[in-house]
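S.K.: Please find one structure pasted underneath; my questions will follow.
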Amino acid sequence: MFGLGGGTCSYQEITETDVILLWGSNAREAHPIFFHHLLRGLEGGAVMYAVDPRRTSSAEFADVWLGLDVGTDIALANTVGREIIAQGWHDISFIERATTGFEDYAASVEPFTLDEGERLTGVPAEAIAEMAHAYAIAPTAQILWTLGITEHHTAVENVLSLCNLALLTGHVGRRGSGLVPLRGQNNVQGGGDMGALPDRLPGFQALADAEARARYEQVWDCELNPVPGKHLTAMFESMEEGELRALYVIGENPADSEANVAHARKLLEGLDLLVVQDISLTHTARMADVVLPAAAGWSSSEGTVTSSERRVQRVRAAVPPQGDARDDVRIIGDLALRMGARWSAVTAHELWDELRVLSPLHGGMSWDRLEDSGGLQWPCPHDDHPGTEFLHTWLWADDLDGHVPAPFTVNVHRPPAEALSDQFPLRLTTGRVLDSYNTGAQSAGYSSPIRSGDAIEVSPSDAAALGVSDGDAVRVSSPRGSVNMEVSITDRLPAGLVFTTFHFPDLVDSNLLTNDAWDARSGTAEFKAAAVRIDPLGSSPMGSGTARSGPVGSGTGRSGAAAAAGGAGG
Amino acid sequence: MNPGNGIVDSHVAVSIDGREVTVPQGQTILAACTAAGVETPTICWAPNLTPVNVCRVCVVELEGSRTLVPACSRPAEDGMQISTDSERVRHSRRMVLEFLGSANDLSQADEIAEWSQHYGADARRYAAELAADADGEPEVALELVDDPVRIQDDLYIRAYDRCVLCYKCVEACGDDAQHTFAIAVAGRGFDARIRTEYDVELPESACVYCGNCVAVCPTGALQFRTEFDLRAVGEWRPDDQTVTRTVCSYCGVGCNLELHTQDERIVKVTSPEDHSVTSGHLCIKGRFGWQYVHAPAFEPPATDTPASESTEP
């Protein structure tokens with residue numbers, strides 16, 4: 001945001017801040033050790049507002065839970081913004097000095113009165129007013145979010161609507177205040193930083209920037225294509241159009257993880273060539289023409305990863321790779337060699353040294369410094385720079401240190417792409433649980449005593465209306481497919497909302513249900529909002545005594561849900 | 001700024017065994033002892049937990065104080081005169097160590113054993129009966145806590161015959177780190193034990209299996225299953241283990257892990273107590289989610305057929 005792709009704060013600051021807006025994040029389960037820092041903040045007196053359709057285990061620690069309807073985040077943020085302006089709680093001198101576009105923004109949120117906000121979001125007007133007041137007048141405040149904000153067809157606008165609130169109140173660029181997207185994977189921050197985005201070079205430099213491009217061309221001794229590549233969703237579109245015919249997948253399991261996964265599988269099957277490089281034989285790998293077995297990056301190879309607080313840290317090899325598996329860097333290097341490229345940097349250390357020359361953000365992070373310290377936070381431009389705890393201090397400099405002022409944006413509330421209907425009357429949202437992770441390539445390998453499998457969580461009133469009890473077998477259907485699941489009744493959900501995870505695709509293929517409508521700017525699919533129907537299955541065909549069976553390694557067998565298999569998807 | 005986290009910027013000077021040291025205000029006598037280069041035995045104290053000062057093994061003599069004071073929790077004050085090796089201190093520490101040893105199996109509490117040796121603690125003095133065996137050696141019959149080892153899952157075990165009730169696990173599970181509050185001390189006197197609510201089995205309790213209790217346990221009463229199983233077959237060999245620091249492979253928080261490996265296999269995962277991200281604490285995935293590293297990597301799962309169908313033509 002504001003020109004840099006990273007969260008603005010350090011974890012330490014959440015222990016010092018006064019007001020916390022945890023928005024679309026169940027950090028208690030998805031980022032448990034960050035949540036320890038957050039709890040220290042609460043113990044120190046911080047007030048927390050949890051914005052989430054579900055009363056999650058994170059929300060239980062909040063002072064106020066705002067249980068908004070799925071996909072109404074922009075409406076809620078706009079209502080908060082309007083209330084702050086209407087009450088005169090906004091920071092006019094900050095807005096005048098450091099921002100542009102305030103008038104247009106103010107006009108755009110004007111219709112979002114508290115009553116209108118309540119009507120659109122389902123959150124009581126008093127709760128919205130209280131959160132707006134607490135956030136605006138706090139000496140320091142942070143907004144934190146995760147996929148509850150970004151897995152919508154309005155992903156980027158959702159984020160921007162939160163950024164507006166920080167600009168309105170000056171809660172960014174100062175110690176303790178900021179905007180924090182918690183990263184979901186151990187190196188998703190580092191991947192973007194290293195240029196694994198269609199329009200970026202390593203160091204988050206724009207591919208469109210001819211000067212930056214020239215520096216890379218010189219070091220790499222080649223000419224770079226200035227046309228941005230495709231993000232994941234665009235790649236699938238391109239497969240559909242028959243343009244993209246070969247795919248090299250590294251450490252991703254799209255045959256299980258994509259929304260509307262049956263469609264994704266069909267496209268993957270239609271490729272001329274599918275190469276998969278991964279640590280295990282994932283569903284995608286089983287479809288591949290060529291599988292390149294890779295060593296686990298964090299335990300069997302050398303390198304770096306970057307965390308949610310922009311902290312670059314070393315990973316180190318502790319155990320040898322299994323079987324024929326090899327380090328990712330070596331696989332890619334050897335592949336390049338076979339293709340006739342002679343790369344000068346071939347080890348993690350050499351690649352890092354090359355990056356330091358090319359990326360000003362990382363210039364001061366020598367391998368030795370990373371070795372000695374508990375990591376360094378970018379930007380760290382030179383050798384004696386301590387790294388940067390929080391970003392965008394220029395917003396508070398008289399002349400903005402030569403930066404372009406930060407723009408307010410106008411964001412239009414648009415409900416989820418898939419409306420509820422008589423045929424599909426329930427809203428399905430998906431998310432993670434504490435002991436499991438994504439499609440289970442890693443987490444299925446250990447036996448967790450608290451593992452529940454992918455049950456469909458249902459509110460008590462919906463369960464009563466459906467006539468189902470805990471553990472009953474049901475068929476969950478969306479316009480894209482059907483899945484047999486087990487009911488789990490919970491009062492964490494309001495009526496009309498159902499929830500599941502996506503950690504056990506071999507048992508429950510949840511992503512057959514999810515909607516692949518996607519955000520045009522980020523390419524993120526709307527995993528958080530599908531329309532579904534639930535039909536009780538009576539005593540059959542989920543099987544009998546294997547309720548709550550765990551996945552691989554749990555010792556309780558995997559026959560339960562899988563035995564009920566209808567036809568395989570795709 | 002949140003008032004609960006004020007930073008104090010002044011120092012106090014104290015004398016430790018006649019040596020003057022300066023520590024930041026708010027730090028403890030224990031920190032002053034460390035600053036003076038004096039090692040202090042501790043059992044219930046850990047750098048990443050708030051002291052509950054129940055074990056009393058860290059007591060020191062403070063001039064002007066009628067009683068000995070616990071170094072781990074008493075803040076250092078300007079001008080304090082402290083003795084750490086007086087006869088009174090040595091005697092008290094020896095008694096504490098002997099009492100613990102008289103009631104618990106401390107065979108896996110290496111640090112406690114070292115301090116017991118240091119202070120000449122002999123728990124056998126408290127044996128119920130002493131009788132000479134055939135060789136004339138006294139036979140001891142200590143009345144130890146008798147509690148069968150609890151093995152209720154694949155992640156960690158609880159052997160309360162080794163538990164000295166130091167409360168570290170309770171604190172790590174509670175408001176010092178995890179805020180799950182799955183365990184507390186139940187019962188009185190010799191029957192006091194760490195218990196889940198209503199003593200239910202661990203998987204039925206509030207436990208979320210972060211293993212932070214295991215990581216702070218000083219006696220091996222709580223033990224990772226890998227270590228327990230290796231010990232059972234005589235294959236737990238700390239001297240053959242190496243520790244490699246890396247970063248967890250799950251979410252994006254960036255928790256540093258110490259992978260303890262033996263014979264090229266991970267046998268235990270901890271996190272450095274001084275690491276700014278974790279303070280030594282982890283979640284279930286970081287602590288236990290490594291096992292796939294040793295699984296046969298390219299074996300397809302047992303079933304390939306999801307319980308589902310698609311409307312895709």
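Note on naming: chains are A, B, ... as they come in the structure tokens, residues start from 1 per chain, ligands start from 1 in the order shown.
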Mind checking which residues fall within 10 Å of segment 417-420 of chain A, counting only C-alpha atoms, ignoring those fewer than 2 positions away in the same chain, and posting them as a ChimeraX atom specification?
M.R.: /A:71,152-154,414-415,422-427,479,496,515-518,526,529-533
S.K.: Once you have the residues from the selection above, write them out as a CSV table (one decimal), in the first residue's frame, restricted to C-alpha atoms.
M.R.:
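Below is the file that was written, selection-v7.csv:
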```
chain,number,residue,atom,x,y,z
A,71,GLY,CA,-19.4,-9.4,1.6
A,152,HIS,CA,-14.0,-11.6,-2.4
A,153,HIS,CA,-14.8,-10.4,-5.9
A,154,THR,CA,-14.2,-6.9,-4.5
A,414,ARG,CA,-21.3,-4.5,-4.3
A,415,PRO,CA,-22.8,-7.7,-2.7
A,422,ASP,CA,-34.8,-20.2,-3.3
A,423,GLN,CA,-32.7,-23.0,-4.7
A,424,PHE,CA,-29.5,-22.1,-2.9
A,425,PRO,CA,-30.7,-20.2,0.2
A,426,LEU,CA,-27.7,-20.5,2.5
A,427,ARG,CA,-24.5,-18.5,2.4
A,479,PRO,CA,-24.6,-24.2,-8.5
A,496,GLY,CA,-28.3,-18.3,7.2
A,515,ASN,CA,-17.3,-19.6,-6.4
A,516,ASP,CA,-14.6,-18.7,-8.9
A,517,ALA,CA,-16.0,-15.2,-9.6
A,518,TRP,CA,-12.8,-13.1,-9.1
A,526,GLU,CA,-14.5,-15.3,-4.0
A,529,ALA,CA,-19.2,-16.3,-0.5
A,530,ALA,CA,-21.0,-19.1,-2.3
A,531,ALA,CA,-24.7,-19.9,-2.3
A,532,VAL,CA,-25.6,-23.4,-1.2
A,533,ARG,CA,-28.4,-25.7,-0.2
```
S.K.: Enumerate as a count of residues only all residues of segment 26-215 of chain B assigned to strand (DSSP E) by DSSP on the backbone, naming them with the chain letters and numbers the document uses.
M.R.: 26
S.K.: So that I can check the surroundings of Cys283 of chain B, please list as a VMD selection string every protein, DNA and RNA residue that reaches within 10 Å of it, counting only C-alpha atoms and ignoring chain neighbours fewer than 3 positions away.
M.R.: (chain A and resid 29 to 33 434 to 435) or (chain B and resid 178 208 to 212 255 278 286 to 289)
S.K.: Print the selection's residues with C-alpha atoms to a file, as a PDB file, in the first residue's frame.
M.R.:
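Heads up, here's the output in part-v5.pdb:
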```
ATOM      1  CA  GLU A  29      -6.288 -19.947  14.765  1.00  0.00           C
ATOM      2  CA  ALA A  30      -4.626 -18.849  11.532  1.00  0.00           C
ATOM      3  CA  HIS A  31      -1.802 -16.750  13.083  1.00  0.00           C
ATOM      4  CA  PRO A  32      -1.629 -18.069  16.656  1.00  0.00           C
ATOM      5  CA  ILE A  33       1.717 -16.618  17.682  1.00  0.00           C
ATOM      6  CA  LEU A 434      -6.016 -24.119  14.062  1.00  0.00           C
ATOM      7  CA  ASP A 435      -4.445 -27.514  13.502  1.00  0.00           C
TER       8      ASP A 435
ATOM      9  CA  GLN B 178      -1.416 -19.188  25.242  1.00  0.00           C
ATOM     10  CA  VAL B 208      -5.136 -26.894  21.801  1.00  0.00           C
ATOM     11  CA  TYR B 209      -1.846 -28.829  21.737  1.00  0.00           C
ATOM     12  CA  CYS B 210       0.520 -25.891  21.327  1.00  0.00           C
ATOM     13  CA  GLY B 211       2.990 -27.813  23.495  1.00  0.00           C
ATOM     14  CA  ASN B 212       4.080 -24.630  25.249  1.00  0.00           C
ATOM     15  CA  CYS B 255       8.204 -18.154  14.022  1.00  0.00           C
ATOM     16  CA  THR B 278       7.754 -16.202  19.528  1.00  0.00           C
ATOM     17  CA  GLY B 286       4.863 -25.309  14.304  1.00  0.00           C
ATOM     18  CA  ARG B 287       5.444 -27.621  17.259  1.00  0.00           C
ATOM     19  CA  PHE B 288       4.104 -30.874  15.782  1.00  0.00           C
ATOM     20  CA  GLY B 289       3.395 -30.301  12.079  1.00  0.00           C
TER      21      GLY B 289
END
```
S.K.: What's around Arg286 of chain A at 12 Å? Count only C-alpha atoms, leave out sequence neighbours fewer than 2 positions away in its own chain, and write the answer as a PyMOL selection string.
M.R.: (chain A and resi 253-256+265+268-269+274-278+280-284+288-292) or (chain B and resi 298-301+304)
S.K.: With a distance cut-off of 6 Å and only C-alpha atoms, select the neighbouring residues of segment 350-365 of chain A, excluding the residue or stretch itself and same-chain residues fewer than 5 positions from it, and output the selection as an mmCIF file with C-alpha atoms, in the first residue's frame.
M.R.:
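Resulting contents of around17.cif:
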```cif
data_model
loop_
_atom_site.group_PDB
_atom_site.id
_atom_site.type_symbol
_atom_site.label_atom_id
_atom_site.label_comp_id
_atom_site.auth_asym_id
_atom_site.auth_seq_id
_atom_site.Cartn_x
_atom_site.Cartn_y
_atom_site.Cartn_z
ATOM 1 C CA GLY A 203 12.535 -5.856 -4.708
ATOM 2 C CA ALA A 345 24.124 -17.223 -9.210
ATOM 3 C CA TRP A 378 12.836 -4.158 4.988
ATOM 4 C CA PRO A 379 13.503 -1.483 3.916
ATOM 5 C CA CYS A 380 17.109 -1.974 4.955
ATOM 6 C CA PRO A 381 19.023 -0.046 2.293
ATOM 7 C CA HIS A 382 22.594 -0.106 3.588
ATOM 8 C CA ASP A 383 24.948 -2.149 5.733
#
```
S.K.: Taking 5 positions as the minimum chain separation for residues in the same chain, which residues sit within 6 Å of segment 91-98 of chain B when counting only C-alpha atoms? Answer as a ChimeraX atom specification.
M.R.: /B:57,119,121-123
S.K.: What is the atom CA of Val145 of chain B-atom CA of Ala109 of chain B distance in Å, reported with one decimal?
M.R.: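 So the two atoms, atom CA of Val145 of chain B and atom CA of Ala109 of chain B, lie 15.4 Å apart.
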S.K.: Name the residues of segment 56-123 of chain A that fall into helix (DSSP H, G or I) according to DSSP on the backbone, using the chain letters and numbers of this document, as number ranges by chain.
M.R.: A: 59-61, 73-86, 92-98, 102-109, 114-121
